[in-house]
Each structure stands twice: as structure tokens, then as C-alpha cells.
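Listing of entry.txt; format and content: compact mmCIF, C-alpha atoms.
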```txt
# COMPACT_ATOMS: atom_id res chain seq x y z
CA MET A 1325 22.74 -9.87 -3.57
CA LYS A 1326 21.37 -12.22 -6.18
CA CYS A 1327 18.59 -11.26 -8.59
CA PRO A 1328 15.38 -12.96 -7.47
CA ALA A 1329 14.18 -13.30 -11.07
CA CYS A 1330 17.21 -14.62 -12.99
CA GLY A 1331 19.94 -15.32 -10.38
CA ASN A 1332 22.36 -12.72 -11.78
CA GLU A 1333 24.45 -10.71 -9.29
CA LEU A 1334 22.79 -7.34 -8.56
CA GLU A 1335 24.89 -4.20 -9.03
CA GLU A 1336 24.53 -0.99 -7.04
CA MET A 1337 23.49 2.03 -9.09
CA THR A 1338 23.15 5.55 -7.74
CA ALA A 1339 20.21 7.67 -8.85
CA GLY A 1340 20.00 11.06 -7.18
CA ASP A 1341 20.84 10.47 -3.52
CA VAL A 1342 19.66 6.86 -3.49
CA ALA A 1343 21.59 3.69 -4.25
CA VAL A 1344 19.39 0.96 -5.75
CA ASP A 1345 20.34 -2.55 -6.81
CA VAL A 1346 19.85 -3.42 -10.48
CA CYS A 1347 20.19 -6.58 -12.51
CA LYS A 1348 22.52 -5.07 -15.08
CA GLY A 1349 23.30 -7.43 -17.91
CA GLY A 1350 20.64 -9.87 -16.72
CA CYS A 1351 16.86 -9.45 -16.66
CA GLY A 1352 17.02 -5.68 -16.06
CA GLY A 1353 15.02 -5.71 -12.82
CA ILE A 1354 15.42 -3.21 -9.96
CA TRP A 1355 15.43 -3.75 -6.18
CA PHE A 1356 14.22 -0.89 -3.99
CA ASP A 1357 14.76 -1.01 -0.24
CA TRP A 1358 11.93 0.12 2.04
CA LEU A 1359 10.55 3.57 1.06
CA GLU A 1360 13.13 4.08 -1.72
CA MET A 1361 10.62 3.64 -4.51
CA LYS A 1362 8.61 6.67 -3.31
CA LYS A 1363 11.49 8.80 -4.61
CA PHE A 1364 11.10 7.44 -8.16
CA ASP A 1365 7.42 6.62 -8.77
CA GLU A 1366 6.22 9.97 -10.15
CA PRO A 1367 7.16 11.49 -13.53
CA HIS A 1368 8.39 14.79 -12.05
CA GLU A 1369 11.00 13.01 -9.91
CA SER A 1370 14.05 13.40 -12.13
CA ALA A 1371 16.18 10.92 -10.17
CA GLY A 1372 14.07 8.13 -11.63
CA GLU A 1373 15.17 8.94 -15.19
CA ALA A 1374 18.60 7.42 -14.53
CA ILE A 1375 17.25 3.95 -13.75
CA LEU A 1376 14.40 3.71 -16.27
CA GLU A 1377 16.48 1.78 -18.77
CA VAL A 1378 18.74 -0.75 -17.06
CA GLU A 1379 21.04 -2.59 -19.46
CA ARG A 1380 19.65 -6.08 -19.94
CA ASP A 1381 20.35 -9.27 -21.83
CA ASP A 1382 17.43 -10.03 -24.18
CA SER A 1383 18.24 -13.74 -24.10
CA VAL A 1384 17.39 -13.89 -20.37
CA THR A 1385 13.78 -14.90 -19.86
CA VAL A 1386 11.88 -14.47 -16.61
CA ASP A 1387 9.09 -16.82 -15.52
CA HIS A 1388 6.45 -14.36 -14.25
CA SER A 1389 4.30 -17.18 -12.86
CA LYS A 1390 7.05 -18.12 -10.37
CA ARG A 1391 6.95 -16.59 -6.87
CA LEU A 1392 10.18 -14.76 -6.05
CA ASN A 1393 12.27 -14.91 -2.89
CA CYS A 1394 13.42 -11.65 -1.32
CA PRO A 1395 17.05 -10.93 -2.25
CA LYS A 1396 17.65 -9.42 1.21
CA CYS A 1397 15.71 -11.70 3.56
CA ASP A 1398 16.57 -15.40 3.68
CA GLY A 1399 13.63 -17.70 3.06
CA ILE A 1400 10.93 -15.04 2.62
CA VAL A 1401 8.75 -15.28 -0.46
CA MET A 1402 7.63 -11.90 -1.78
CA MET A 1403 3.96 -11.01 -2.20
CA ARG A 1404 2.83 -10.17 -5.71
CA HIS A 1405 0.18 -7.47 -6.00
CA PHE A 1406 -0.90 -4.59 -8.19
CA PHE A 1407 0.90 -1.34 -7.53
CA SER A 1408 -2.23 0.79 -7.85
CA ILE A 1409 -5.96 0.58 -8.36
CA LYS A 1410 -5.48 0.84 -12.12
CA LYS A 1411 -4.20 -2.76 -11.96
CA GLU A 1412 -1.69 -2.25 -14.75
CA VAL A 1413 1.57 -3.14 -12.98
CA GLU A 1414 2.20 -6.13 -10.72
CA VAL A 1415 5.07 -5.72 -8.27
CA ASP A 1416 6.73 -8.07 -5.79
CA GLU A 1417 6.95 -6.79 -2.21
CA CYS A 1418 8.78 -8.39 0.70
CA PRO A 1419 6.60 -8.70 3.82
CA GLY A 1420 9.76 -8.84 5.93
CA CYS A 1421 11.79 -5.79 4.93
CA GLY A 1422 9.23 -3.86 2.83
CA GLY A 1423 11.44 -3.82 -0.26
CA PHE A 1424 10.09 -3.88 -3.83
CA TRP A 1425 11.25 -5.85 -6.86
CA LEU A 1426 10.32 -4.39 -10.24
CA ASP A 1427 10.84 -6.30 -13.46
CA ALA A 1428 12.30 -4.53 -16.50
CA GLY A 1429 10.03 -1.72 -17.73
CA GLU A 1430 7.73 -1.69 -14.70
CA LEU A 1431 9.17 1.52 -13.22
CA GLY A 1432 8.36 3.40 -16.44
CA LYS A 1433 4.78 2.09 -16.34
CA ILE A 1434 4.41 3.06 -12.67
CA ARG A 1435 5.69 6.57 -13.39
CA SER A 1436 3.07 6.98 -16.13
CA LEU A 1437 0.08 5.94 -13.98
CA PHE A 1438 -0.27 9.07 -11.82
CA SER A 1439 1.47 12.44 -11.87
CA THR A 1440 1.35 13.02 -8.10
CA GLU A 1441 0.78 11.17 -4.84
CA GLU A 1442 -2.42 13.20 -4.32
CA GLU A 1443 -3.78 12.00 -7.68
CA ARG A 1444 -3.01 8.40 -6.68
CA HIS A 1445 -4.81 8.82 -3.33
CA LYS A 1446 -7.81 10.47 -5.01
CA ALA A 1447 -8.12 7.59 -7.51
CA ALA A 1448 -7.90 5.06 -4.67
CA LYS A 1449 -10.61 6.88 -2.69
CA GLU A 1450 -12.90 7.01 -5.73
CA TYR A 1451 -12.37 3.31 -6.37
CA PHE A 1452 -12.98 2.48 -2.70
CA ASP A 1453 -16.20 4.53 -2.75
CA GLU A 1454 -17.31 2.78 -5.95
CA VAL A 1455 -16.68 -0.69 -4.56
CA PHE A 1456 -17.79 -0.23 -0.94
CA GLY A 1457 -19.82 3.02 -1.01
CA GLU A 1458 -23.33 1.55 -0.94
CA GLU A 1459 -22.43 -0.98 1.72
CA LEU A 1460 -20.79 1.65 3.93
CA THR A 1461 -23.75 4.01 3.49
CA ALA A 1462 -26.11 1.21 4.57
CA MET A 1463 -23.92 0.43 7.59
CA GLN A 1464 -23.82 4.11 8.53
CA ALA A 1465 -27.64 4.36 8.28
CA GLU A 1466 -27.98 1.24 10.45
CA ASP A 1467 -25.58 2.70 13.03
CA GLU A 1468 -27.50 5.98 13.05
CA ALA A 1469 -30.76 4.08 13.63
CA LYS A 1470 -29.17 2.17 16.52
CA LEU A 1471 -27.84 5.44 17.97
CA ALA A 1472 -31.28 7.05 17.78
CA LYS A 1473 -32.81 4.02 19.55
CA ALA A 1474 -30.13 4.16 22.27
CA LYS A 1475 -30.82 7.87 22.81
CA LYS A 1476 -34.56 7.13 23.23
CA VAL A 1477 -33.81 4.46 25.86
CA THR A 1478 -31.44 6.86 27.64
CA ASN A 1479 -34.09 9.58 27.69
CA MET A 1480 -36.66 7.12 29.09
CA PHE A 1481 -34.31 6.25 31.96
CA ARG A 1482 -33.71 9.94 32.63
CA PHE A 1483 -37.46 10.45 32.91
CA ILE A 1484 -38.02 7.37 35.09
CA CYS A 1485 -34.91 7.83 37.20
CA PRO A 1486 -33.99 11.53 37.60
CA SER A 1487 -30.41 12.36 38.45
CA TYR A 1488 -31.12 12.84 42.17
CA TYR A 1489 -31.76 9.09 42.40
CA ILE A 1490 -28.44 8.21 40.84
CA PRO A 1491 -25.84 7.11 43.46
CA GLY A 1492 -23.30 9.74 44.29
CA LYS A 1493 -25.42 12.59 42.92
CA GLN A 1494 -27.18 13.40 46.22
CA GLU A 1495 -26.25 13.00 49.83
CA GLY A 1496 -28.21 10.29 51.60
CA ALA A 1497 -29.46 8.73 48.40
CA ALA A 1498 -31.32 5.46 48.83
CA PHE A 1499 -29.11 3.56 46.38
```

Translate the structure of the given file into C-alpha cells.
Amino acid sequence: MKCPACGNELEEMTAGDVAVDVCKGGCGGIWFDWLEMKKFDEPHESAGEAILEVERDDSVTVDHSKRLNCPKCDGIVMMRHFFSIKKEVEVDECPGCGGFWLDAGELGKIRSLFSTEEERHKAAKEYFDEVFGEELTAMQAEDEAKLAKAKKVTNMFRFICPSYYIPGKQEGAAF
């Protein structure tokens, strides 16, 4: 596979029980296949230590404004987004195969953001509540008001039309 950032040939490197593709001697980026990065993104995962510092050529420059093509999927441009709600690290993710491309040094930054997956989820929930909390609370109150109104209408129909007038509830019913 070719490096999506600098065009160098990617080399396979084994870290723990996972083989990742690295741009050794080029830009120093790392390619993770689908779900592989989950094995390296937390500081306590010792397998990630082996790939933190990929040998790179300092003369190779990467244009970070350029959109990258997936090294695995032909013709698919990767999506660039922040890795977490802290918005400190931008990663490139392939919408086709789910793989991730990290530029040199990004894995170390990702590993320093959160110590556990639970901490990451908690931070995301807090951020979500901060951004959408008031709006969701208002929507919930509106839904509860609509539910209360619907229950009133239902109770009115039960009073006006007792169950023995409902078809199938009584033999010989008029309906």
C-alpha cells in the first residue's frame, strides 16, 4: 500500500498481536484497519508503545489541508474529523473500510487525551448534555404535555363510550 500523505510505500509493523502499516522513512504516519486502533488508543495499552515513534524523514512535508485517499479502497476520499470531543487531534477515517490514518505524533496525543474508554464516553456525554441539554429538556417537557393531553382525551372517550360499546367486547353489540 502507498502512504496517503506522502506516497511512500507502507511497511507492516507488528505491535502486540496486531500488524499495522507504517510510513517508515517517510512522513511517519500509521494506518489502522477497522477496529485496530481501539487496541492502541489508551495509555495503559502497552502494545501502543512500540508504534509511538515511527522512523521518519524530517525533509518530508505533509500538506494537512489536502484531503487524503484511502490506501486500501480505490477512489475513496477519507473523512477528516476530530478524534474526540476535546478537539485536539484530527484523524482521517475511510467511510468504506472504517480504517484510520494518523499522521506522525497523533497516536501519542490520542493516548494522552483519556485514560480509559469509560472516561472518553463520560466526557462525550457531558459535552452532549452541555450542547443539547436545554433543547432536549424542552422537547421532553413538550412530549410530556402532549402525553398528558392524549391521556385526557382517552379518558373522555372511556367515559363517553364504555367498553361494552366497543366492538368485540360484548356479544350482540350495536357496532

Legend entry - Å distance separating atom CA of A:Gly1423 from atom CA of A:Glu1450, one decimal place: 27.2 Å

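Across the model, the gap from atom CA of A:Asp1365 to atom CA of A:Lys1446 is 16.2 Å.
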
Inset, instruction - Between atom CA of A:Glu1377 and atom CA of A:Glu1414, measure the distance and give it in Å to one decimal. - result: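 According to the coordinates, atom CA of A:Glu1377 and atom CA of A:Glu1414 are separated by 18.2 Å.
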
Legend entry - 8 Å contact set for stretch 1326-1343 of chain A, all atoms listed in the file, chain neighbours under 3 positions out, as a PyMOL selection string: chain A and resi 1346-1348+1350-1351+1353+1360+1371-1372+1374-1375+1384-1387+1392-1395

Output C-alpha atoms for every residue in that selection, as a PDB file, in the frame of the given file.
```
ATOM      1  CA  VAL A1346      19.850  -3.420 -10.480  1.00  0.00           C
ATOM      2  CA  CYS A1347      20.190  -6.580 -12.510  1.00  0.00           C
ATOM      3  CA  LYS A1348      22.520  -5.070 -15.080  1.00  0.00           C
ATOM      4  CA  GLY A1350      20.640  -9.870 -16.720  1.00  0.00           C
ATOM      5  CA  CYS A1351      16.860  -9.450 -16.660  1.00  0.00           C
ATOM      6  CA  GLY A1353      15.020  -5.710 -12.820  1.00  0.00           C
ATOM      7  CA  GLU A1360      13.130   4.080  -1.720  1.00  0.00           C
ATOM      8  CA  ALA A1371      16.180  10.920 -10.170  1.00  0.00           C
ATOM      9  CA  GLY A1372      14.070   8.130 -11.630  1.00  0.00           C
ATOM     10  CA  ALA A1374      18.600   7.420 -14.530  1.00  0.00           C
ATOM     11  CA  ILE A1375      17.250   3.950 -13.750  1.00  0.00           C
ATOM     12  CA  VAL A1384      17.390 -13.890 -20.370  1.00  0.00           C
ATOM     13  CA  THR A1385      13.780 -14.900 -19.860  1.00  0.00           C
ATOM     14  CA  VAL A1386      11.880 -14.470 -16.610  1.00  0.00           C
ATOM     15  CA  ASP A1387       9.090 -16.820 -15.520  1.00  0.00           C
ATOM     16  CA  LEU A1392      10.180 -14.760  -6.050  1.00  0.00           C
ATOM     17  CA  ASN A1393      12.270 -14.910  -2.890  1.00  0.00           C
ATOM     18  CA  CYS A1394      13.420 -11.650  -1.320  1.00  0.00           C
ATOM     19  CA  PRO A1395      17.050 -10.930  -2.250  1.00  0.00           C
TER      20      PRO A1395
END
```

Inset, instruction - Would you mind telling me which residue in A:Glu1466, A:Glu1441, A:Glu1458, A:Glu1417 lies nearest to A:Pro1367 when using only C-alpha atoms? - result: A:Glu1441

Counting all atoms listed in the file, find residues at most 12 Å from (7.7, 6.8, -5.8) (file frame) and give them as a compact mmCIF listing (two decimals) with C-alpha atoms, keeping the file's coordinate frame.
```
# COMPACT_ATOMS: atom_id res chain seq x y z
CA PHE A 1356 14.22 -0.89 -3.99
CA ASP A 1357 14.76 -1.01 -0.24
CA TRP A 1358 11.93 0.12 2.04
CA LEU A 1359 10.55 3.57 1.06
CA GLU A 1360 13.13 4.08 -1.72
CA MET A 1361 10.62 3.64 -4.51
CA LYS A 1362 8.61 6.67 -3.31
CA LYS A 1363 11.49 8.80 -4.61
CA PHE A 1364 11.10 7.44 -8.16
CA ASP A 1365 7.42 6.62 -8.77
CA GLU A 1366 6.22 9.97 -10.15
CA PRO A 1367 7.16 11.49 -13.53
CA HIS A 1368 8.39 14.79 -12.05
CA GLU A 1369 11.00 13.01 -9.91
CA SER A 1370 14.05 13.40 -12.13
CA ALA A 1371 16.18 10.92 -10.17
CA GLY A 1372 14.07 8.13 -11.63
CA PHE A 1407 0.90 -1.34 -7.53
CA SER A 1408 -2.23 0.79 -7.85
CA PHE A 1424 10.09 -3.88 -3.83
CA LEU A 1431 9.17 1.52 -13.22
CA GLY A 1432 8.36 3.40 -16.44
CA LYS A 1433 4.78 2.09 -16.34
CA ILE A 1434 4.41 3.06 -12.67
CA ARG A 1435 5.69 6.57 -13.39
CA SER A 1436 3.07 6.98 -16.13
CA LEU A 1437 0.08 5.94 -13.98
CA PHE A 1438 -0.27 9.07 -11.82
CA SER A 1439 1.47 12.44 -11.87
CA THR A 1440 1.35 13.02 -8.10
CA GLU A 1441 0.78 11.17 -4.84
CA ARG A 1444 -3.01 8.40 -6.68
```

Inset, instruction - Select, from A:Ala1474, A:His1388, A:Cys1421, A:Asp1381, the residue with the minimum atom-to-atom distance to A:Ile1400, counting all atoms listed in the file. - result: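 Between A:Ala1474, A:His1388, A:Cys1421, A:Asp1381, the residue approaching A:Ile1400 most closely is A:Cys1421.
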